[in-house]
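One file, upload35.pdb, carrying PDB, C-alpha atoms:
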```pdb
MODEL        1
ATOM      1  CA  MET A   1     240.012  16.122 -47.923
ATOM      2  CA  THR A   2     238.722  19.555 -46.878
ATOM      3  CA  ASP A   3     241.186  22.351 -46.200
ATOM      4  CA  SER A   4     240.313  23.547 -42.703
ATOM      5  CA  ASN A   5     241.990  26.873 -43.435
ATOM      6  CA  ALA A   6     239.868  27.556 -46.468
ATOM      7  CA  GLN A   7     237.643  30.599 -46.049
ATOM      8  CA  ALA A   8     233.905  29.906 -46.251
ATOM      9  CA  PRO A   9     232.070  31.805 -48.973
ATOM     10  CA  ASN A  10     230.323  34.961 -47.807
ATOM     11  CA  PRO A  11     226.658  34.099 -47.172
ATOM     12  CA  SER A  12     225.593  37.334 -48.912
ATOM     13  CA  TRP A  13     226.640  35.737 -52.205
ATOM     14  CA  GLN A  14     223.918  33.132 -51.716
ATOM     15  CA  VAL A  15     221.321  35.832 -51.031
ATOM     16  CA  GLU A  16     222.361  37.759 -54.138
ATOM     17  CA  ASN A  17     221.905  34.615 -56.244
ATOM     18  CA  LEU A  18     218.440  34.133 -54.778
ATOM     19  CA  GLY A  19     217.728  37.822 -55.371
ATOM     20  CA  ARG A  20     218.600  37.459 -59.041
ATOM     21  CA  ASP A  21     216.144  34.576 -59.319
ATOM     22  CA  VAL A  22     213.419  36.631 -57.642
ATOM     23  CA  ARG A  23     214.161  39.640 -59.840
ATOM     24  CA  SER A  24     213.934  37.451 -62.931
ATOM     25  CA  TYR A  25     210.580  36.051 -61.772
ATOM     26  CA  VAL A  26     209.218  39.534 -61.021
ATOM     27  CA  ALA A  27     210.289  40.740 -64.467
ATOM     28  CA  GLY A  28     207.985  38.105 -65.972
ATOM     29  CA  LEU A  29     204.899  39.333 -64.095
ATOM     30  CA  PRO A  30     202.248  41.508 -65.781
ATOM     31  CA  PRO A  31     203.277  45.200 -65.479
ATOM     32  CA  ARG A  32     201.893  46.709 -62.274
ATOM     33  CA  LYS A  33     202.406  49.945 -60.374
ATOM     34  CA  GLY A  34     201.860  50.627 -56.670
ATOM     35  CA  ILE A  35     199.832  53.353 -54.985
ATOM     36  CA  LEU A  36     200.526  54.155 -51.327
ATOM     37  CA  LEU A  37     197.708  56.276 -49.922
ATOM     38  CA  ALA A  38     199.150  58.334 -47.064
ATOM     39  CA  GLY A  39     196.569  61.123 -47.081
ATOM     40  CA  GLY A  40     193.771  61.938 -44.678
ATOM     41  CA  ALA A  41     193.667  64.261 -41.714
ATOM     42  CA  GLY A  42     194.561  61.643 -39.103
ATOM     43  CA  THR A  43     192.257  63.333 -36.602
ATOM     44  CA  ARG A  44     191.797  60.120 -34.595
ATOM     45  CA  LEU A  45     195.455  60.460 -33.580
ATOM     46  CA  ASN A  46     195.329  64.082 -32.435
ATOM     47  CA  PRO A  47     197.351  65.721 -30.969
ATOM     48  CA  LEU A  48     200.093  63.489 -32.442
ATOM     49  CA  THR A  49     199.065  64.484 -35.963
ATOM     50  CA  LYS A  50     198.674  68.226 -35.431
ATOM     51  CA  VAL A  51     202.108  68.901 -36.927
ATOM     52  CA  THR A  52     202.858  65.784 -38.959
ATOM     53  CA  SER A  53     201.243  63.067 -41.036
ATOM     54  CA  LYS A  54     200.034  59.896 -39.354
ATOM     55  CA  GLN A  55     202.153  57.824 -41.746
ATOM     56  CA  LEU A  56     205.319  59.608 -40.565
ATOM     57  CA  LEU A  57     204.804  58.605 -36.938
ATOM     58  CA  PRO A  58     207.138  55.902 -35.594
ATOM     59  CA  VAL A  59     206.036  52.299 -35.334
ATOM     60  CA  TYR A  60     208.759  51.101 -32.960
ATOM     61  CA  ASP A  61     212.005  51.796 -34.857
ATOM     62  CA  LYS A  62     210.781  52.923 -38.286
ATOM     63  CA  PRO A  63     208.341  55.445 -39.770
ATOM     64  CA  MET A  64     204.892  53.957 -40.332
ATOM     65  CA  VAL A  65     205.146  54.491 -44.101
ATOM     66  CA  TYR A  66     208.006  51.965 -44.313
ATOM     67  CA  TYR A  67     205.593  49.127 -43.565
ATOM     68  CA  PRO A  68     203.181  49.545 -46.518
ATOM     69  CA  LEU A  69     206.091  50.577 -48.733
ATOM     70  CA  THR A  70     207.924  47.293 -48.158
ATOM     71  CA  THR A  71     204.681  45.357 -48.677
ATOM     72  CA  LEU A  72     204.518  46.824 -52.179
ATOM     73  CA  MET A  73     208.191  46.008 -52.712
ATOM     74  CA  ILE A  74     207.822  42.322 -51.828
ATOM     75  CA  SER A  75     204.856  42.234 -54.233
ATOM     76  CA  GLY A  76     207.347  42.788 -57.040
ATOM     77  CA  ILE A  77     206.347  46.431 -57.506
ATOM     78  CA  ARG A  78     209.124  48.895 -58.255
ATOM     79  CA  GLU A  79     207.170  51.981 -59.410
ATOM     80  CA  ILE A  80     205.279  53.570 -56.530
ATOM     81  CA  LEU A  81     203.164  56.702 -56.171
ATOM     82  CA  VAL A  82     202.904  58.147 -52.664
ATOM     83  CA  ILE A  83     199.736  60.212 -52.221
ATOM     84  CA  SER A  84     199.708  62.549 -49.236
ATOM     85  CA  SER A  85     197.930  65.651 -48.024
ATOM     86  CA  PRO A  86     199.625  68.924 -49.081
ATOM     87  CA  GLU A  87     201.335  69.931 -45.820
ATOM     88  CA  PRO A  88     203.598  66.885 -45.232
ATOM     89  CA  ALA A  89     204.311  66.217 -48.928
ATOM     90  CA  HIS A  90     207.844  67.651 -48.723
ATOM     91  CA  THR A  91     208.584  65.548 -45.623
ATOM     92  CA  PHE A  92     207.687  62.343 -47.440
ATOM     93  CA  LYS A  93     210.055  63.369 -50.235
ATOM     94  CA  ASP A  94     212.821  64.130 -47.740
ATOM     95  CA  LEU A  95     212.336  60.735 -46.078
ATOM     96  CA  LEU A  96     211.872  58.462 -49.097
ATOM     97  CA  GLY A  97     213.585  60.380 -51.893
ATOM     98  CA  ASP A  98     213.149  59.038 -55.396
ATOM     99  CA  GLY A  99     213.575  55.435 -54.233
ATOM    100  CA  SER A 100     216.746  54.884 -56.255
ATOM    101  CA  GLU A 101     218.863  53.824 -53.249
ATOM    102  CA  TRP A 102     216.425  50.905 -52.835
ATOM    103  CA  GLY A 103     216.309  50.090 -56.548
ATOM    104  CA  ILE A 104     212.779  51.417 -57.002
ATOM    105  CA  LYS A 105     211.144  54.588 -58.350
ATOM    106  CA  ILE A 106     208.957  56.749 -56.110
ATOM    107  CA  ASP A 107     206.753  59.568 -57.372
ATOM    108  CA  TYR A 108     204.466  61.846 -55.392
ATOM    109  CA  ALA A 109     200.979  63.307 -55.674
ATOM    110  CA  VAL A 110     198.798  65.411 -53.389
ATOM    111  CA  GLN A 111     195.310  64.684 -52.097
ATOM    112  CA  GLU A 112     193.873  68.141 -51.578
ATOM    113  CA  LYS A 113     190.840  66.891 -49.661
ATOM    114  CA  PRO A 114     190.147  63.317 -48.505
ATOM    115  CA  ALA A 115     187.158  61.869 -50.330
ATOM    116  CA  GLY A 116     187.416  58.105 -49.884
ATOM    117  CA  ILE A 117     189.974  55.413 -50.635
ATOM    118  CA  ALA A 118     188.826  54.997 -54.252
ATOM    119  CA  GLN A 119     189.733  58.645 -54.850
ATOM    120  CA  ALA A 120     193.375  57.540 -54.905
ATOM    121  CA  LEU A 121     192.720  55.777 -58.223
ATOM    122  CA  LEU A 122     191.450  59.021 -59.733
ATOM    123  CA  ILE A 123     194.415  61.017 -58.443
ATOM    124  CA  ALA A 124     196.755  58.373 -59.870
ATOM    125  CA  GLU A 125     194.911  57.886 -63.163
ATOM    126  CA  SER A 126     197.344  59.707 -65.467
ATOM    127  CA  TRP A 127     200.355  58.316 -63.591
ATOM    128  CA  LEU A 128     199.052  54.752 -63.946
ATOM    129  CA  ASP A 129     198.796  55.248 -67.704
ATOM    130  CA  ASN A 130     196.346  52.367 -68.114
ATOM    131  CA  GLN A 131     198.468  49.876 -66.161
ATOM    132  CA  ALA A 132     197.394  47.444 -63.462
ATOM    133  CA  CYS A 133     198.050  48.540 -59.898
ATOM    134  CA  CYS A 134     198.195  47.600 -56.252
ATOM    135  CA  LEU A 135     196.699  50.069 -53.781
ATOM    136  CA  ILE A 136     197.708  49.969 -50.112
ATOM    137  CA  LEU A 137     196.667  52.167 -47.197
ATOM    138  CA  GLY A 138     199.488  53.949 -45.435
ATOM    139  CA  ASP A 139     198.484  52.844 -41.934
ATOM    140  CA  ASN A 140     198.167  49.118 -42.707
ATOM    141  CA  ILE A 141     200.888  46.753 -41.483
ATOM    142  CA  PHE A 142     201.182  43.149 -42.658
ATOM    143  CA  PHE A 143     203.456  40.452 -41.310
ATOM    144  CA  GLY A 144     203.741  36.711 -41.747
ATOM    145  CA  ASP A 145     205.905  33.977 -43.196
ATOM    146  CA  GLY A 146     204.782  33.303 -46.764
ATOM    147  CA  LEU A 147     203.360  36.797 -47.266
ATOM    148  CA  ARG A 148     205.560  37.398 -50.296
ATOM    149  CA  THR A 149     204.299  34.207 -51.960
ATOM    150  CA  ILE A 150     200.657  35.247 -51.522
ATOM    151  CA  LEU A 151     201.316  38.734 -52.861
ATOM    152  CA  LEU A 152     203.310  37.539 -55.861
ATOM    153  CA  ASN A 153     200.526  35.078 -56.627
ATOM    154  CA  ALA A 154     198.014  37.948 -56.686
ATOM    155  CA  ALA A 155     200.389  39.911 -58.908
ATOM    156  CA  THR A 156     200.213  37.202 -61.597
ATOM    157  CA  ARG A 157     196.531  37.976 -62.288
ATOM    158  CA  SER A 158     196.190  40.416 -65.156
ATOM    159  CA  VAL A 159     192.369  40.443 -65.177
ATOM    160  CA  GLY A 160     190.059  41.483 -62.368
ATOM    161  CA  ALA A 161     190.737  42.387 -58.754
ATOM    162  CA  THR A 162     192.153  40.613 -55.715
ATOM    163  CA  VAL A 163     191.279  41.574 -52.154
ATOM    164  CA  PHE A 164     192.469  40.044 -48.901
ATOM    165  CA  GLY A 165     190.308  38.793 -46.067
ATOM    166  CA  TYR A 166     191.380  38.655 -42.427
ATOM    167  CA  TRP A 167     189.357  37.048 -39.634
ATOM    168  CA  VAL A 168     188.406  39.612 -36.982
ATOM    169  CA  ARG A 169     186.370  39.500 -33.790
ATOM    170  CA  ASP A 170     184.278  42.595 -34.630
ATOM    171  CA  PRO A 171     183.565  42.518 -38.392
ATOM    172  CA  GLN A 172     180.856  45.190 -38.160
ATOM    173  CA  ARG A 173     183.651  47.776 -37.927
ATOM    174  CA  TYR A 174     184.986  46.900 -41.382
ATOM    175  CA  GLY A 175     184.117  46.133 -44.959
ATOM    176  CA  VAL A 176     183.037  42.501 -44.684
ATOM    177  CA  ILE A 177     183.628  39.763 -47.271
ATOM    178  CA  GLU A 178     180.846  37.184 -47.298
ATOM    179  CA  PHE A 179     180.873  33.717 -48.839
ATOM    180  CA  ASP A 180     178.366  31.170 -50.138
ATOM    181  CA  ALA A 181     178.145  27.543 -49.009
ATOM    182  CA  ALA A 182     180.872  26.578 -51.484
ATOM    183  CA  GLY A 183     183.284  29.183 -50.079
ATOM    184  CA  ARG A 184     182.955  31.578 -53.027
ATOM    185  CA  VAL A 185     182.689  35.288 -52.324
ATOM    186  CA  ASN A 186     179.129  36.468 -52.934
ATOM    187  CA  ALA A 187     178.979  39.845 -51.204
ATOM    188  CA  ILE A 188     181.053  42.690 -49.818
ATOM    189  CA  ARG A 189     179.313  45.032 -47.406
ATOM    190  CA  GLU A 190     180.607  48.138 -45.689
ATOM    191  CA  LYS A 191     180.283  47.998 -41.882
ATOM    192  CA  PRO A 192     177.132  45.850 -41.816
ATOM    193  CA  THR A 193     175.097  45.633 -38.626
ATOM    194  CA  ASP A 194     174.467  41.944 -39.325
ATOM    195  CA  PRO A 195     177.731  40.557 -40.782
ATOM    196  CA  LYS A 196     177.479  37.071 -42.293
ATOM    197  CA  SER A 197     181.236  36.542 -42.027
ATOM    198  CA  ASN A 198     184.143  37.425 -39.767
ATOM    199  CA  TYR A 199     186.408  38.225 -42.707
ATOM    200  CA  ALA A 200     187.294  41.905 -42.971
ATOM    201  CA  ALA A 201     188.639  43.337 -46.215
ATOM    202  CA  VAL A 202     192.078  44.734 -45.355
ATOM    203  CA  GLY A 203     193.621  47.864 -46.852
ATOM    204  CA  LEU A 204     195.410  46.120 -49.713
ATOM    205  CA  TYR A 205     193.923  45.748 -53.200
ATOM    206  CA  PHE A 206     195.207  44.443 -56.545
ATOM    207  CA  TYR A 207     193.414  45.798 -59.622
ATOM    208  CA  ASP A 208     193.677  45.383 -63.365
ATOM    209  CA  HIS A 209     194.146  48.309 -65.753
ATOM    210  CA  ARG A 210     190.463  49.321 -65.559
ATOM    211  CA  ALA A 211     190.485  50.390 -61.914
ATOM    212  CA  SER A 212     190.586  54.142 -62.486
ATOM    213  CA  SER A 213     187.881  54.122 -65.159
ATOM    214  CA  LEU A 214     185.640  51.925 -62.996
ATOM    215  CA  ALA A 215     186.243  54.228 -60.022
ATOM    216  CA  ARG A 216     184.810  57.075 -62.089
ATOM    217  CA  ASN A 217     181.480  55.228 -62.150
ATOM    218  CA  ILE A 218     181.212  55.195 -58.364
ATOM    219  CA  LYS A 219     178.804  57.653 -56.755
ATOM    220  CA  PRO A 220     179.731  59.236 -53.430
ATOM    221  CA  SER A 221     178.270  57.522 -50.384
ATOM    222  CA  SER A 222     176.180  59.177 -47.698
ATOM    223  CA  ARG A 223     179.518  60.190 -46.154
ATOM    224  CA  GLY A 224     180.401  62.012 -49.370
ATOM    225  CA  GLU A 225     183.223  59.555 -50.102
ATOM    226  CA  LEU A 226     184.123  57.238 -52.962
ATOM    227  CA  GLU A 227     183.987  53.917 -51.157
ATOM    228  CA  ILE A 228     186.508  51.246 -52.128
ATOM    229  CA  THR A 229     183.867  48.654 -51.237
ATOM    230  CA  ASP A 230     181.724  49.960 -54.113
ATOM    231  CA  LEU A 231     184.608  49.478 -56.554
ATOM    232  CA  ASN A 232     185.223  45.957 -55.295
ATOM    233  CA  ARG A 233     181.513  45.265 -55.680
ATOM    234  CA  LEU A 234     181.724  46.220 -59.372
ATOM    235  CA  TYR A 235     184.421  43.603 -59.904
ATOM    236  CA  LEU A 236     182.364  41.081 -57.943
ATOM    237  CA  GLU A 237     179.292  41.690 -60.108
ATOM    238  CA  GLU A 238     181.435  40.975 -63.174
ATOM    239  CA  GLY A 239     182.652  37.735 -61.620
ATOM    240  CA  ASN A 240     186.201  39.139 -61.592
ATOM    241  CA  LEU A 241     186.908  39.394 -57.860
ATOM    242  CA  GLN A 242     189.344  37.018 -56.154
ATOM    243  CA  VAL A 243     189.721  36.764 -52.375
ATOM    244  CA  GLU A 244     192.899  35.620 -50.652
ATOM    245  CA  ARG A 245     192.319  34.677 -47.013
ATOM    246  CA  LEU A 246     195.132  35.529 -44.615
ATOM    247  CA  GLY A 247     195.246  32.739 -42.050
ATOM    248  CA  ARG A 248     196.212  32.548 -38.396
ATOM    249  CA  GLY A 249     199.913  32.837 -39.142
ATOM    250  CA  PHE A 250     199.521  36.393 -40.395
ATOM    251  CA  ALA A 251     199.200  39.680 -38.570
ATOM    252  CA  TRP A 252     197.233  42.620 -39.943
ATOM    253  CA  LEU A 253     197.485  45.830 -37.949
ATOM    254  CA  ASP A 254     195.651  49.078 -38.680
ATOM    255  CA  ALA A 255     197.650  51.737 -36.837
ATOM    256  CA  GLY A 256     194.989  54.449 -37.047
ATOM    257  CA  THR A 257     194.234  54.968 -33.342
ATOM    258  CA  HIS A 258     196.376  55.595 -30.279
ATOM    259  CA  GLU A 259     195.712  52.080 -29.028
ATOM    260  CA  SER A 260     196.439  50.339 -32.330
ATOM    261  CA  LEU A 261     199.546  52.470 -32.921
ATOM    262  CA  LEU A 262     200.941  51.372 -29.564
ATOM    263  CA  GLN A 263     199.964  47.749 -30.222
ATOM    264  CA  ALA A 264     201.701  47.839 -33.610
ATOM    265  CA  GLY A 265     204.902  49.202 -32.071
ATOM    266  CA  ASN A 266     204.845  46.582 -29.341
ATOM    267  CA  PHE A 267     204.263  43.822 -31.894
ATOM    268  CA  VAL A 268     207.217  44.893 -34.043
ATOM    269  CA  GLN A 269     209.433  45.276 -30.967
ATOM    270  CA  MET A 270     208.561  41.756 -29.812
ATOM    271  CA  ILE A 271     209.343  40.199 -33.210
ATOM    272  CA  GLU A 272     212.594  42.097 -33.694
ATOM    273  CA  GLU A 273     213.951  41.541 -30.188
ATOM    274  CA  ARG A 274     213.018  37.863 -30.221
ATOM    275  CA  GLN A 275     214.448  37.068 -33.668
ATOM    276  CA  GLY A 276     217.051  39.760 -34.182
ATOM    277  CA  LEU A 277     215.527  40.357 -37.614
ATOM    278  CA  LYS A 278     213.949  43.618 -38.656
ATOM    279  CA  VAL A 279     210.391  44.009 -39.892
ATOM    280  CA  ALA A 280     209.808  46.271 -42.921
ATOM    281  CA  CYS A 281     213.433  47.269 -43.483
ATOM    282  CA  PRO A 282     213.392  48.628 -47.072
ATOM    283  CA  GLU A 283     217.128  48.104 -47.544
ATOM    284  CA  GLU A 284     216.840  44.446 -46.584
ATOM    285  CA  VAL A 285     213.730  43.889 -48.692
ATOM    286  CA  ALA A 286     215.398  45.530 -51.698
ATOM    287  CA  TRP A 287     218.481  43.330 -51.225
ATOM    288  CA  ARG A 288     216.521  40.093 -50.837
ATOM    289  CA  MET A 289     214.311  40.958 -53.826
ATOM    290  CA  GLY A 290     217.394  41.519 -55.978
ATOM    291  CA  TYR A 291     216.728  45.226 -56.464
ATOM    292  CA  ILE A 292     220.125  46.214 -55.011
ATOM    293  CA  ASP A 293     223.380  44.370 -54.315
ATOM    294  CA  SER A 294     225.600  43.982 -51.257
ATOM    295  CA  ASP A 295     227.807  46.914 -52.248
ATOM    296  CA  GLN A 296     224.779  49.198 -52.157
ATOM    297  CA  ILE A 297     223.918  47.933 -48.675
ATOM    298  CA  ARG A 298     227.437  48.854 -47.543
ATOM    299  CA  ARG A 299     227.120  52.328 -49.088
ATOM    300  CA  ILE A 300     223.785  52.921 -47.337
ATOM    301  CA  ALA A 301     225.169  51.714 -44.006
ATOM    302  CA  LYS A 302     228.200  53.974 -44.300
ATOM    303  CA  ALA A 303     226.063  56.989 -45.201
ATOM    304  CA  SER A 304     223.780  56.287 -42.224
ATOM    305  CA  GLY A 305     226.593  56.845 -39.750
ATOM    306  CA  PRO A 306     227.043  54.941 -36.473
ATOM    307  CA  SER A 307     223.689  53.432 -35.490
ATOM    308  CA  GLN A 308     222.046  50.158 -34.621
ATOM    309  CA  TYR A 309     220.269  50.313 -37.973
ATOM    310  CA  ALA A 310     223.549  50.538 -39.904
ATOM    311  CA  ASP A 311     225.015  47.746 -37.779
ATOM    312  CA  TYR A 312     222.046  45.547 -38.669
ATOM    313  CA  LEU A 313     222.523  46.141 -42.399
ATOM    314  CA  LEU A 314     226.189  45.141 -42.230
ATOM    315  CA  ARG A 315     225.531  42.150 -39.991
ATOM    316  CA  MET A 316     222.852  41.021 -42.443
ATOM    317  CA  LEU A 317     225.504  40.556 -45.132
ATOM    318  CA  ASP A 318     227.332  38.011 -42.985
ATOM    319  CA  GLU A 319     224.321  36.012 -41.832
ATOM    320  CA  SER A 320     224.623  32.250 -41.647
ATOM    321  CA  LEU A 321     220.905  31.410 -41.874
ATOM    322  CA  PRO A 322     219.547  30.157 -45.189
ATOM    323  CA  PRO A 323     218.167  33.153 -47.077
ATOM    324  CA  SER A 324     215.011  31.240 -48.028
ATOM    325  CA  VAL A 325     213.699  31.513 -44.454
ATOM    326  CA  LEU A 326     214.153  35.257 -44.254
ATOM    327  CA  VAL A 327     211.959  36.621 -47.027
ATOM    328  CA  THR A 328     209.171  38.114 -44.892
ATOM    329  CA  ALA A 329     208.989  41.898 -44.982
TER
ENDMDL
END
```
Is it possible to express this structure as structure tokens?
Amino acid sequence: MTDSNAQAPNPSWQVENLGRDVRSYVAGLPPRKGILLAGGAGTRLNPLTKVTSKQLLPVYDKPMVYYPLTTLMISGIREILVISSPEPAHTFKDLLGDGSEWGIKIDYAVQEKPAGIAQALLIAESWLDNQACCLILGDNIFFGDGLRTILLNAATRSVGATVFGYWVRDPQRYGVIEFDAAGRVNAIREKPTDPKSNYAAVGLYFYDHRASSLARNIKPSSRGELEITDLNRLYLEEGNLQVERLGRGFAWLDAGTHESLLQAGNFVQMIEERQGLKVACPEEVAWRMGYIDSDQIRRIAKASGPSQYADYLLRMLDESLPPSVLVTA
């Protein structure tokens, strides 16, 4: 017979158990570091970016940089290098700190002059120290149930590169991934006038330990930049390029224009108000990944002072939903 007066166990205990399992799984993955490229002039967003970095602008209720940061975190990556232009570098440090309150380690580097996405691998070369990496663009936002599973699957590959394809209406604006009749990738072209596929290569790339050395073999394009498409093409020519297709249940947002920045904010607002669950909350991601415990969540909430954000963190500890359905960043 059940004692009706017995107190139910705190649901956060269940999440912490799941977090320990996730942390144990992540510990068994090949070593991999994360690079968050938050450089560039952001001129397409002027005058918003005249006095700050694009990646520090708000996307609804959080700075834009939180979104790619948490994508790296749910990929099992706990060592992250944030690359920014010189002027806002101190602001990124003030915002993110050393990452320790989220159970991760954040370092910083400066991109003196933007020269293509692949340049990030040269800036990070000594920091990577011959380890595999995941490179993400600071204005890319990903959302979808099952995202963590796809990312952790990519993280298991110790050889070659993994890129992600997303179906778009206007592929000629992007790097396009093309496939043969059997569905195998056979070409990647940068902004082709005659795209053979609607799959755009998004700003998220997993590379093995050779990425920086291979990037050194890339010649600048007509734009004077080191194109990430050229690096991906090198892996493809070796037969070492994998493509993960993000299906209809996923959202990929590039918040690099006024229109797309507004759309991204509206999207996040709609999800959060409908579900009551936050998107890209680093404290929550760290807790669900087993990087921090419930006591740390309480400390962060207390230090945050009275706010809706702090209330959410505390309410999260008492949730009654199964934690397995709440793993999306």
* **Selection result of the PyMOL selection byres ((chain A and resi 234-236) around 8) on this file, as a list in words** => Gly160, Ala161, Asn186, Ala187, Leu214, Asp230, Leu231, Asn232, Arg233, Glu237, Glu238, Gly239, Asn240 and Leu241 of chain A
* To do: Measuring atom to atom with only C-alpha atoms, identify which of A:Thr162, A:Ser213, A:Ser85, A:Thr229 is nearest to Leu122 in chain A.
  =>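 Closest to Leu122 in chain A of all the choices is A:Ser213.
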* To do: Work out how far CA of Ser53 in chain A is from CA of Gly103 in chain A, in Å to one decimal.
  => 25.2 Å
* Selected by the PyMOL selection byres ((chain A and resi 20) around 10) in the shown coordinates: which residues, as a list in words? -> Val15, Glu16, Asn17, Leu18, Gly19, Asp21, Val22, Arg23, Ser24, Tyr25, Val26, Trp287, Arg288, Met289, Gly290, Tyr291, Ile292 and Asp293 of chain A
As a PDB file with C-alpha atoms, in the frame of the given file, please: the residues near Asp107 in chain A (cut-off 8 Å, only C-alpha atoms, same-chain neighbours under 3 positions excluded).
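The file below, part-v9.pdb, is the result:
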```pdb
ATOM      1  CA  GLU A  79     207.170  51.981 -59.410  1.00  0.00           C
ATOM      2  CA  ILE A  80     205.279  53.570 -56.530  1.00  0.00           C
ATOM      3  CA  LEU A  81     203.164  56.702 -56.171  1.00  0.00           C
ATOM      4  CA  VAL A  82     202.904  58.147 -52.664  1.00  0.00           C
ATOM      5  CA  ASP A  98     213.149  59.038 -55.396  1.00  0.00           C
TER       6      ASP A  98
END
```
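Shortest separation to Glu273 in chain A among A:Tyr60, A:Arg173, A:Ala215, A:Asp295 occurs at residue A:Tyr60, atoms counted being only C-alpha atoms.
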* Report the distance between CA of Val168 in chain A and CA of Val185 in chain A in Å, rounded to one decimal place. => 16.9 Å
* Distance CA of Asp170 in chain A-CA of Leu135 in chain A, one decimal place? ->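 Pair CA of Asp170 in chain A / CA of Leu135 in chain A returns 24.0 Å.
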* Just the residues within 6 Å of range 65-73 of chain A, please, counting only C-alpha atoms, with nothing from its chain fewer than 4 positions along; format it as a ChimeraX atom specification. => /A:55,77,138,141,280,282
